$ cat final04.cif   # mmCIF, C-alpha atoms
data_final
loop_
_atom_site.label_atom_id
_atom_site.label_comp_id
_atom_site.auth_asym_id
_atom_site.auth_seq_id
_atom_site.Cartn_x
_atom_site.Cartn_y
_atom_site.Cartn_z
CA MET A 152 -13.44 38.39 91.06
CA ALA A 153 -17.12 38.22 91.86
CA VAL A 154 -18.90 40.81 93.95
CA CYS A 155 -22.02 38.73 94.47
CA VAL A 156 -22.72 35.01 94.28
CA ALA A 157 -26.21 33.53 94.50
CA VAL A 158 -27.69 30.05 94.39
CA ILE A 159 -31.36 29.92 93.46
CA ALA A 160 -33.53 26.83 93.94
CA LYS A 161 -35.55 25.33 91.12
CA GLU A 162 -38.67 26.97 92.50
CA ASN A 163 -36.86 30.31 92.24
CA TYR A 164 -36.27 31.13 95.87
CA PRO A 165 -32.77 31.89 97.12
CA LEU A 166 -30.79 29.06 98.70
CA TYR A 167 -27.72 31.12 99.24
CA ILE A 168 -26.83 34.70 98.47
CA ARG A 169 -23.73 36.56 99.40
CA SER A 170 -22.23 39.87 98.32
CA THR A 171 -19.24 41.92 99.31
CA PRO A 172 -20.12 43.50 102.62
CA THR A 173 -18.94 46.96 101.64
CA GLU A 174 -21.53 47.43 98.93
CA ASN A 175 -25.24 47.94 99.00
CA GLU A 176 -26.56 44.44 99.50
CA LEU A 177 -30.10 45.17 98.38
CA LYS A 178 -28.88 46.30 94.99
CA PHE A 179 -27.32 42.90 94.35
CA HIS A 180 -30.41 41.06 95.52
CA TYR A 181 -32.34 43.10 93.01
CA MET A 182 -29.87 42.34 90.22
CA VAL A 183 -29.97 38.61 90.93
CA HIS A 184 -33.75 38.71 91.03
CA THR A 185 -34.07 40.43 87.67
CA SER A 186 -31.53 38.08 86.11
CA LEU A 187 -33.82 35.12 86.73
CA ASP A 188 -36.06 36.23 83.89
CA VAL A 189 -33.11 36.18 81.52
CA VAL A 190 -32.16 32.72 82.80
CA ASP A 191 -35.67 31.44 82.10
CA GLU A 192 -35.59 32.95 78.65
CA LYS A 193 -32.26 31.33 77.86
CA ILE A 194 -33.34 27.90 79.08
CA SER A 195 -36.53 27.88 77.06
CA ALA A 196 -34.63 28.95 73.95
CA MET A 197 -32.07 26.28 74.61
CA GLY A 198 -34.56 23.43 74.54
CA LYS A 199 -34.75 23.76 70.78
CA ALA A 200 -31.06 24.36 70.26
CA LEU A 201 -28.46 21.97 68.92
CA VAL A 202 -26.56 19.48 71.02
CA ASP A 203 -23.39 21.52 71.43
CA GLN A 204 -25.38 24.46 72.74
CA ARG A 205 -26.94 22.50 75.55
CA GLU A 206 -24.26 23.49 77.99
CA LEU A 207 -24.93 24.18 81.66
CA TYR A 208 -23.10 27.50 81.52
CA LEU A 209 -25.36 30.21 80.17
CA GLY A 210 -22.79 32.93 79.62
CA LEU A 211 -23.37 36.63 80.10
CA LEU A 212 -26.96 37.29 81.11
CA TYR A 213 -26.86 41.07 80.91
CA PRO A 214 -24.41 43.87 81.48
CA THR A 215 -25.17 46.99 83.46
CA GLU A 216 -23.12 50.12 83.72
CA ASP A 217 -20.93 48.89 86.54
CA TYR A 218 -21.47 45.15 86.61
CA LYS A 219 -21.84 42.06 84.47
CA VAL A 220 -24.19 39.25 85.44
CA TYR A 221 -23.37 35.67 84.50
CA GLY A 222 -25.59 32.60 84.85
CA TYR A 223 -25.35 28.83 85.12
CA VAL A 224 -28.15 26.27 85.47
CA THR A 225 -27.62 22.71 86.66
CA ASN A 226 -29.57 19.77 85.29
CA SER A 227 -31.68 19.85 88.41
CA LYS A 228 -32.67 23.43 87.49
CA VAL A 229 -30.75 25.05 90.32
CA LYS A 230 -29.48 28.42 89.17
CA PHE A 231 -26.16 30.00 89.97
CA VAL A 232 -25.85 33.72 89.37
CA MET A 233 -22.63 35.66 89.65
CA VAL A 234 -22.21 39.43 89.52
CA VAL A 235 -18.83 40.65 88.39
CA ASP A 236 -17.38 44.15 88.34
CA SER A 237 -17.23 45.21 84.69
CA SER A 238 -14.11 47.27 85.29
CA ASN A 239 -12.35 43.95 85.79
CA THR A 240 -11.51 43.31 82.15
CA ALA A 241 -8.93 40.66 82.94
CA LEU A 242 -11.69 38.21 83.75
CA ARG A 243 -12.22 35.98 80.72
CA ASP A 244 -15.18 33.83 79.86
CA ASN A 245 -13.18 30.69 80.59
CA GLU A 246 -12.35 31.83 84.09
CA ILE A 247 -15.99 32.58 84.80
CA ARG A 248 -16.81 29.12 83.53
CA SER A 249 -14.31 27.46 85.82
CA MET A 250 -15.57 29.50 88.77
CA PHE A 251 -19.07 28.21 88.08
CA ARG A 252 -17.74 24.67 87.88
CA LYS A 253 -16.14 25.09 91.28
CA LEU A 254 -19.38 26.47 92.63
CA HIS A 255 -21.27 23.52 91.15
CA ASN A 256 -18.85 21.03 92.68
CA SER A 257 -19.29 22.59 96.09
CA TYR A 258 -23.05 22.64 95.70
CA THR A 259 -22.97 18.93 94.82
CA ASP A 260 -21.00 18.25 97.97
CA VAL A 261 -23.59 20.09 100.01
CA MET A 262 -26.38 18.19 98.26
CA CYS A 263 -24.72 14.84 99.03
CA ASN A 264 -24.29 15.75 102.67
CA PRO A 265 -26.77 13.63 104.62
CA PHE A 266 -27.41 16.44 107.10
CA TYR A 267 -28.62 18.79 104.42
CA ASN A 268 -32.30 18.79 103.53
CA PRO A 269 -32.72 19.48 99.82
CA GLY A 270 -34.45 22.80 99.41
CA ASP A 271 -33.18 24.34 102.65
CA ARG A 272 -31.02 27.42 102.75
CA ILE A 273 -27.29 26.72 102.77
CA GLN A 274 -26.14 28.14 106.06
CA SER A 275 -22.63 28.27 107.33
CA ARG A 276 -23.49 28.08 111.00
CA PHE A 277 -23.41 24.29 110.85
CA VAL A 278 -19.85 23.11 110.68
CA CYS A 279 -19.20 20.80 107.72
CA LEU A 280 -22.51 21.65 106.11
CA GLY A 281 -22.34 25.16 104.75
CA ARG A 282 -18.88 25.98 105.98
CA ALA A 283 -17.01 24.39 103.10
CA PHE A 284 -19.39 25.99 100.64
CA ASP A 285 -19.00 29.34 102.33
CA ASN A 286 -15.22 29.15 102.24
CA MET A 287 -15.27 28.32 98.57
CA VAL A 288 -17.50 31.30 97.82
CA THR A 289 -15.23 33.51 99.88
CA SER A 290 -12.31 32.46 97.72
CA MET A 291 -14.24 33.58 94.67
CA MET A 292 -15.19 36.99 96.02
CA ILE A 293 -13.14 40.13 95.78
CA PRO A 294 -10.65 40.15 98.61
CA VAL A 295 -11.83 42.89 100.97
CA CYS A 296 -9.02 45.04 102.21
CA MET B 189 -14.85 -5.15 92.34
CA ALA B 190 -14.88 -4.57 96.04
CA ASP B 191 -17.17 -1.56 96.08
CA GLU B 192 -19.88 -3.58 94.36
CA ALA B 193 -19.84 -6.12 97.13
CA LEU B 194 -19.90 -3.35 99.70
CA PHE B 195 -23.02 -1.84 98.22
CA LEU B 196 -24.73 -5.23 98.11
CA LEU B 197 -23.82 -6.02 101.69
CA LEU B 198 -24.80 -2.60 102.96
CA HIS B 199 -28.11 -2.82 101.14
CA ASN B 200 -28.80 -6.27 102.57
CA GLU B 201 -28.07 -5.06 106.08
CA MET B 202 -30.22 -2.01 105.56
CA VAL B 203 -33.21 -4.11 104.52
CA SER B 204 -32.80 -6.59 107.33
CA GLY B 205 -32.17 -3.75 109.79
CA VAL B 206 -35.40 -2.00 108.87
CA TYR B 207 -37.38 -5.22 109.07
CA LYS B 208 -35.80 -6.16 112.37
CA SER B 209 -36.74 -2.83 113.89
CA ALA B 210 -40.27 -3.45 112.65
CA GLU B 211 -40.34 -6.73 114.53
CA GLN B 212 -39.28 -4.95 117.69
CA GLY B 213 -42.04 -2.45 117.20
CA GLU B 214 -39.90 0.60 116.49
CA VAL B 215 -41.24 1.00 113.01
CA GLU B 216 -44.85 0.35 112.32
CA ASN B 217 -45.14 -2.92 110.48
CA GLY B 218 -45.93 -2.40 106.83
CA ARG B 219 -44.16 0.93 106.81
CA CYS B 220 -40.88 -0.78 106.05
CA ILE B 221 -41.25 -0.54 102.29
CA THR B 222 -42.03 3.15 102.61
CA LYS B 223 -39.09 3.69 104.89
CA LEU B 224 -36.68 1.98 102.52
CA GLU B 225 -38.20 3.88 99.64
CA ASN B 226 -37.67 7.20 101.41
CA MET B 227 -34.06 6.30 102.11
CA GLY B 228 -33.61 5.60 98.43
CA PHE B 229 -35.29 8.88 97.56
CA ARG B 230 -32.73 10.98 99.40
CA VAL B 231 -29.84 8.97 98.02
CA GLY B 232 -31.24 9.29 94.51
CA GLN B 233 -31.45 13.05 94.88
CA GLY B 234 -27.82 13.29 95.86
CA LEU B 235 -26.60 10.83 93.27
CA ILE B 236 -28.34 12.45 90.35
CA GLU B 237 -26.90 15.81 91.36
CA ARG B 238 -23.44 14.33 91.16
CA PHE B 239 -23.91 12.24 88.02
CA THR B 240 -25.44 15.01 85.94
CA LYS B 241 -22.70 17.45 86.81
CA ASP B 242 -20.78 16.93 83.60
CA THR B 243 -23.56 16.02 81.21
CA ALA B 244 -25.20 18.33 78.73
CA ARG B 245 -28.64 19.69 79.47
CA PHE B 246 -31.41 17.16 78.88
CA LYS B 247 -33.67 17.72 75.91
CA ASP B 248 -36.81 16.05 77.18
CA GLU B 249 -38.26 13.39 79.43
CA LEU B 250 -37.08 10.55 77.20
CA ASP B 251 -33.56 11.91 77.30
CA ILE B 252 -33.69 11.81 81.09
CA MET B 253 -34.99 8.24 81.07
CA LYS B 254 -32.19 7.18 78.76
CA PHE B 255 -29.71 8.73 81.13
CA ILE B 256 -31.26 6.76 84.01
CA CYS B 257 -31.09 3.55 82.00
CA LYS B 258 -27.53 3.97 80.83
CA ASP B 259 -25.31 6.15 82.96
CA PHE B 260 -27.18 6.04 86.25
CA TRP B 261 -27.75 2.29 86.13
CA THR B 262 -24.20 1.58 85.06
CA THR B 263 -22.79 3.57 87.92
CA VAL B 264 -25.03 2.07 90.56
CA PHE B 265 -25.50 -1.50 89.33
CA LYS B 266 -22.56 -1.91 86.91
CA LYS B 267 -24.82 -2.75 84.01
CA GLN B 268 -27.33 -1.03 81.77
CA ILE B 269 -31.06 -1.47 81.80
CA ASP B 270 -31.81 -4.19 79.27
CA ASN B 271 -34.98 -2.78 77.89
CA LEU B 272 -36.70 0.58 77.99
CA ARG B 273 -40.18 0.94 76.58
CA THR B 274 -42.52 3.85 76.56
CA ASN B 275 -45.91 4.79 75.18
CA HIS B 276 -44.65 8.37 74.66
CA GLN B 277 -47.31 9.61 77.05
CA GLY B 278 -45.24 9.40 80.15
CA ILE B 279 -45.32 5.69 80.88
CA TYR B 280 -41.92 4.10 80.97
CA VAL B 281 -41.08 0.47 81.50
CA LEU B 282 -37.54 -0.33 82.49
CA GLN B 283 -36.52 -3.93 82.44
CA ASP B 284 -33.42 -5.41 84.01
CA ASN B 285 -32.92 -9.07 83.22
CA LYS B 286 -30.25 -9.60 85.80
CA PHE B 287 -30.96 -7.21 88.60
CA ARG B 288 -27.93 -7.11 90.82
CA LEU B 289 -29.70 -6.85 94.17
CA LEU B 290 -31.71 -9.99 93.43
CA THR B 291 -29.18 -12.25 91.73
CA GLN B 292 -27.92 -13.75 94.97
CA MET B 293 -31.29 -15.22 95.87
CA SER B 294 -32.71 -16.02 92.49
CA ALA B 295 -31.78 -19.66 92.14
CA GLY B 296 -35.33 -20.79 92.72
CA LYS B 297 -38.76 -19.57 93.72
CA GLN B 298 -38.06 -19.92 97.40
CA TYR B 299 -37.51 -16.27 98.20
CA LEU B 300 -39.80 -14.76 95.63
CA GLU B 301 -42.12 -13.33 98.26
CA HIS B 302 -39.24 -11.43 99.82
CA ALA B 303 -38.16 -9.85 96.56
CA SER B 304 -40.26 -6.73 97.04
CA LYS B 305 -38.22 -5.76 100.10
CA TYR B 306 -35.11 -5.61 97.98
CA LEU B 307 -36.68 -3.42 95.33
CA ALA B 308 -38.05 -0.64 97.51
CA PHE B 309 -34.75 1.15 97.87
CA THR B 310 -34.21 1.13 94.13
CA CYS B 311 -37.72 2.45 93.53
CA GLY B 312 -36.85 5.36 95.77
CA LEU B 313 -33.54 5.82 94.02
CA ILE B 314 -35.27 6.32 90.68
CA ARG B 315 -38.01 8.48 92.15
CA GLY B 316 -35.53 10.71 93.96
CA GLY B 317 -33.38 11.08 90.90
CA LEU B 318 -36.31 11.98 88.71
CA SER B 319 -37.74 14.40 91.23
CA ASN B 320 -34.46 16.26 91.40
CA LEU B 321 -34.54 16.54 87.62
CA GLY B 322 -38.01 18.03 87.88
CA ILE B 323 -40.19 15.01 87.14
CA LYS B 324 -42.73 13.99 89.75
CA SER B 325 -43.16 10.27 89.43
CA ILE B 326 -44.47 7.12 91.00
CA VAL B 327 -42.20 4.14 90.78
CA THR B 328 -43.28 0.62 91.46
CA ALA B 329 -41.46 -2.62 90.92
CA GLU B 330 -42.34 -5.97 89.56
CA VAL B 331 -40.41 -9.19 89.71
CA SER B 332 -41.15 -12.00 87.32
CA SER B 333 -39.36 -15.24 87.22
CA MET B 334 -41.61 -18.18 87.64
CA PRO B 335 -42.88 -20.40 84.87
CA ALA B 336 -46.39 -19.10 85.44
CA CYS B 337 -45.29 -15.99 83.64
CA SER B 338 -44.42 -17.84 80.45
CA GLY B 339 -45.56 -16.31 77.24
CA VAL B 340 -44.90 -12.77 78.33
CA HIS B 341 -41.79 -11.95 76.41
CA VAL B 342 -39.08 -13.99 74.88
CA GLN B 343 -36.49 -12.91 77.40
CA ASN B 344 -38.93 -13.68 80.12
CA MET B 345 -39.16 -17.28 79.10
CA GLN B 346 -35.44 -17.60 79.00
CA ASP B 347 -35.38 -16.30 82.49
CA CYS B 348 -37.93 -18.81 83.58
CA CYS B 349 -35.55 -21.51 82.54
CA THR B 350 -32.58 -20.08 84.35
CA GLY B 351 -34.64 -19.08 87.30
CA THR B 352 -33.17 -15.62 87.71
CA TYR B 353 -35.29 -12.82 88.98
CA LYS B 354 -36.01 -9.96 86.70
CA ALA B 355 -36.98 -6.54 87.69
CA MET B 356 -39.24 -4.30 85.67
CA TRP B 357 -40.02 -0.68 86.21
CA PHE B 358 -43.19 0.92 84.97
CA ALA B 359 -44.04 4.54 84.49
CA ALA B 360 -47.27 6.26 83.67
CA SER B 361 -48.03 9.92 83.40
CA ILE B 362 -50.91 12.27 83.46
CA PRO B 363 -50.20 15.69 81.97
CA HIS B 364 -47.16 17.19 83.69
CA HIS B 365 -46.74 14.22 85.95
CA LEU B 366 -44.81 11.12 85.27
CA TYR B 367 -45.72 7.89 86.93
CA LEU B 368 -43.03 5.31 86.98
CA ALA B 369 -44.23 1.98 88.11
CA PHE B 370 -42.07 -0.83 89.23
CA LEU B 371 -44.57 -3.64 89.57
CA PRO B 372 -44.05 -7.15 90.83
CA CYS B 373 -45.25 -9.43 88.07
CA TYR B 374 -46.19 -12.32 90.23
CA PRO B 375 -49.93 -12.13 90.60
CA SER B 376 -50.81 -11.64 94.23
CA GLN B 377 -47.67 -9.85 95.28
CA LEU B 378 -48.09 -6.38 93.89
CA LEU B 379 -46.00 -3.86 95.74
CA PRO B 380 -48.00 -1.11 97.30
CA LEU B 381 -47.37 2.11 95.43
CA PRO B 382 -44.68 3.95 97.34
CA CYS B 383 -46.75 6.97 98.06
CA PRO B 384 -50.35 6.66 97.03
CA SER B 385 -51.02 10.15 98.32
CA LEU B 386 -49.26 11.51 95.24
CA ILE B 387 -52.07 10.30 93.04
CA PRO B 388 -55.25 12.27 93.53
CA PRO B 389 -58.10 9.81 93.05
CA GLN B 390 -59.63 11.60 90.11
CA GLN B 391 -56.28 11.59 88.37
CA THR B 392 -55.39 7.97 88.86
CA PRO B 393 -53.25 7.16 85.85
CA VAL B 394 -55.09 5.09 83.34
CA CYS B 395 -53.12 3.04 80.91
CA ASP B 396 -55.21 3.78 77.86
CA ALA B 397 -52.55 3.52 75.22
CA PRO B 398 -51.66 -0.01 74.26
CA LEU B 399 -48.47 -0.86 76.03
CA PRO B 400 -46.30 -3.78 75.16
CA VAL B 401 -46.59 -4.69 78.80
CA SER B 402 -50.27 -5.40 78.54
CA MET B 403 -49.31 -8.72 77.05
CA CYS B 404 -48.56 -9.79 80.56
CA SER B 405 -51.84 -10.77 82.09
CA HIS B 406 -50.69 -9.98 85.61
CA CYS B 407 -49.41 -6.51 85.28
CA SER B 408 -51.49 -4.83 82.61
CA THR B 409 -54.31 -3.60 84.78
CA SER B 410 -53.86 -4.40 88.40
CA ALA B 411 -51.43 -1.62 89.24
CA TYR B 412 -53.37 1.11 87.58
CA GLU B 413 -56.74 0.34 89.01
#

$ encode --input "final04.cif" --output "structure tokens"
Amino acid sequence: MAVCVAVIAKENYPLYIRSTPTENELKFHYMVHTSLDVVDEKISAMGKALVDQRELYLGLLYPTEDYKVYGYVTNSKVKFVMVVDSSNTALRDNEIRSMFRKLHNSYTDVMCNPFYNPGDRIQSRFVCLGRAFDNMVTSMMIPVC
Amino acid sequence: MADEALFLLLHNEMVSGVYKSAEQGEVENGRCITKLENMGFRVGQGLIERFTKDTARFKDELDIMKFICKDFWTTVFKKQIDNLRTNHQGIYVLQDNKFRLLTQMSAGKQYLEHASKYLAFTCGLIRGGLSNLGIKSIVTAEVSSMPACSGVHVQNMQDCCTGTYKAMWFAASIPHHLYLAFLPCYPSQLLPLPCPSLIPPQQTPVCDAPLPVSMCSHCSTSAYE
């Protein structure tokens, strides 16, 4: 499962970022930040690509020694970045894809919530606004013992 | 279908609610169009997020406009846009020959002056949707129905006979900005642009390329001046 999940707005500022509390949080922020360049690169290359390659899921952005970073960009240019432990070899591409779909569904629900201002951070302190989103992300993260 | 009727009724109540509060002085008179437009903007943002969830990435601006005309319109108004025209420089004209929100009152010319009220929300809907997809736009609406408009297009004349209101959407762009205009075609009843502040004066969109629309003597220049 994921160790860090981030939602980045179309203007490239974080809307939501969450990592497993046991790890060094700053390191993940840094990884997500650097991955945005790869996302941009992939999108601009995709503009010229064929129809079947114009998928929202971007696939593996880059691997590091301990982690793999995956990306997903919605049509409204909101980016989802997920950092996964590379020792977890059981995690297939299809599963990552379905996790992103779940994340996208939850984000859409937040976006359609009349109490959410588009462009604001997604915070879980408001019941029914960020709470559902937060719970969904929690289900995607590594269960902390 | 029931949900269609619900949307129509809700929309009608929304318009009359906003105008009633204007009469009571809660909303500044004349701000009603803007208020309705802003409501539509937020709804459009949410809707487009949901509708584009399962579609492939858009290739370009035209691809987005086609999506608005087909999928978006079908979902909201249960029919497609009848005609989409563009000058390939960022001006788009969307034409709906049987616009759902106006069909109930389009038997004659009686309510023509009220038509603009019922278009503001939709203007916002398009603008919000486009802005969420990364296109800054201006959307204005135009309604044409009366015989005075004859000679504009063939479909237009047919409409004159049946007396149904038509809605047209216009779009113009300066580099990197798209201006969608949705202009009322009857001469003296041009809708105010939803947010004029978006157009810096020196960048006021000029319709220099020959548009099919310019055949219509009422709408070719007035909105872009």

$ residues_around --input "final04.cif" --residues "Ser319 of chain B" --least-positions-apart "2" --cutoff "12 Å" --atoms "all atoms listed in the file" --output "VMD selection string"
(chain A and resid 161 226 to 228 269) or (chain B and resid 229 to 237 249 252 312 to 317 321 to 327 365 to 368)

$ closest_atom_pairs --input "final04.cif" --of "chain A" --to "chain B" --cutoff "6 Å" --atoms "all atoms listed in the file" --output "JSON lines"
{"residue": "A:Gly198", "atom": "CA", "partner": "B:Lys247", "partner_atom": "CA", "distance": 5.9}
{"residue": "A:Arg205", "atom": "CA", "partner": "B:Arg245", "partner_atom": "CA", "distance": 5.1}
{"residue": "A:Glu206", "atom": "CA", "partner": "B:Ala244", "partner_atom": "CA", "distance": 5.3}
{"residue": "A:Asn226", "atom": "CA", "partner": "B:Arg245", "partner_atom": "CA", "distance": 5.9}
{"residue": "A:Ser227", "atom": "CA", "partner": "B:Leu321", "partner_atom": "CA", "distance": 4.4}
{"residue": "A:Thr259", "atom": "CA", "partner": "B:Arg238", "partner_atom": "CA", "distance": 5.9}
{"residue": "A:Met262", "atom": "CA", "partner": "B:Gly234", "partner_atom": "CA", "distance": 5.6}
{"residue": "A:Cys263", "atom": "CA", "partner": "B:Gly234", "partner_atom": "CA", "distance": 4.7}

$ atom_distance --input "final04.cif" --atom1 "atom CA of Tyr218 of chain A" --atom2 "atom CA of Val234 of chain A"
6.5 Å

$ residues_around --input "final04.cif" --residues "Glu216 of chain A" --least-positions-apart "2" --cutoff "12 Å" --atoms "all atoms listed in the file" --output "number ranges by chain"
A: 213-214, 218-220, 235-238

$ residues_around --input "final04.cif" --residues "Val264 of chain B" --least-positions-apart "5" --cutoff "9 Å" --atoms "all atoms listed in the file" --output "number ranges by chain"
B: 192, 195, 259

$ atom_distance --input "final04.cif" --atom1 "atom CA of Glu176 of chain A" --atom2 "atom CA of Ser290 of chain A"
18.7 Å

$ resolve_selection --input "final04.cif" --expression "the PyMOL selection byres ((chain B and resi 303-310) around 7)" --output "list in words"
Val203, Ile221, Leu224, Glu225, Met227, Gly228, Leu289, Tyr299, Leu300, Glu301, His302, Cys311, Gly312, Leu313, Ile314, Ala329 and Leu379 of chain B

$ atom_distance --input "final04.cif" --atom1 "atom CA of Asn226 of chain B" --atom2 "atom CA of Gly205 of chain B"
14.8 Å
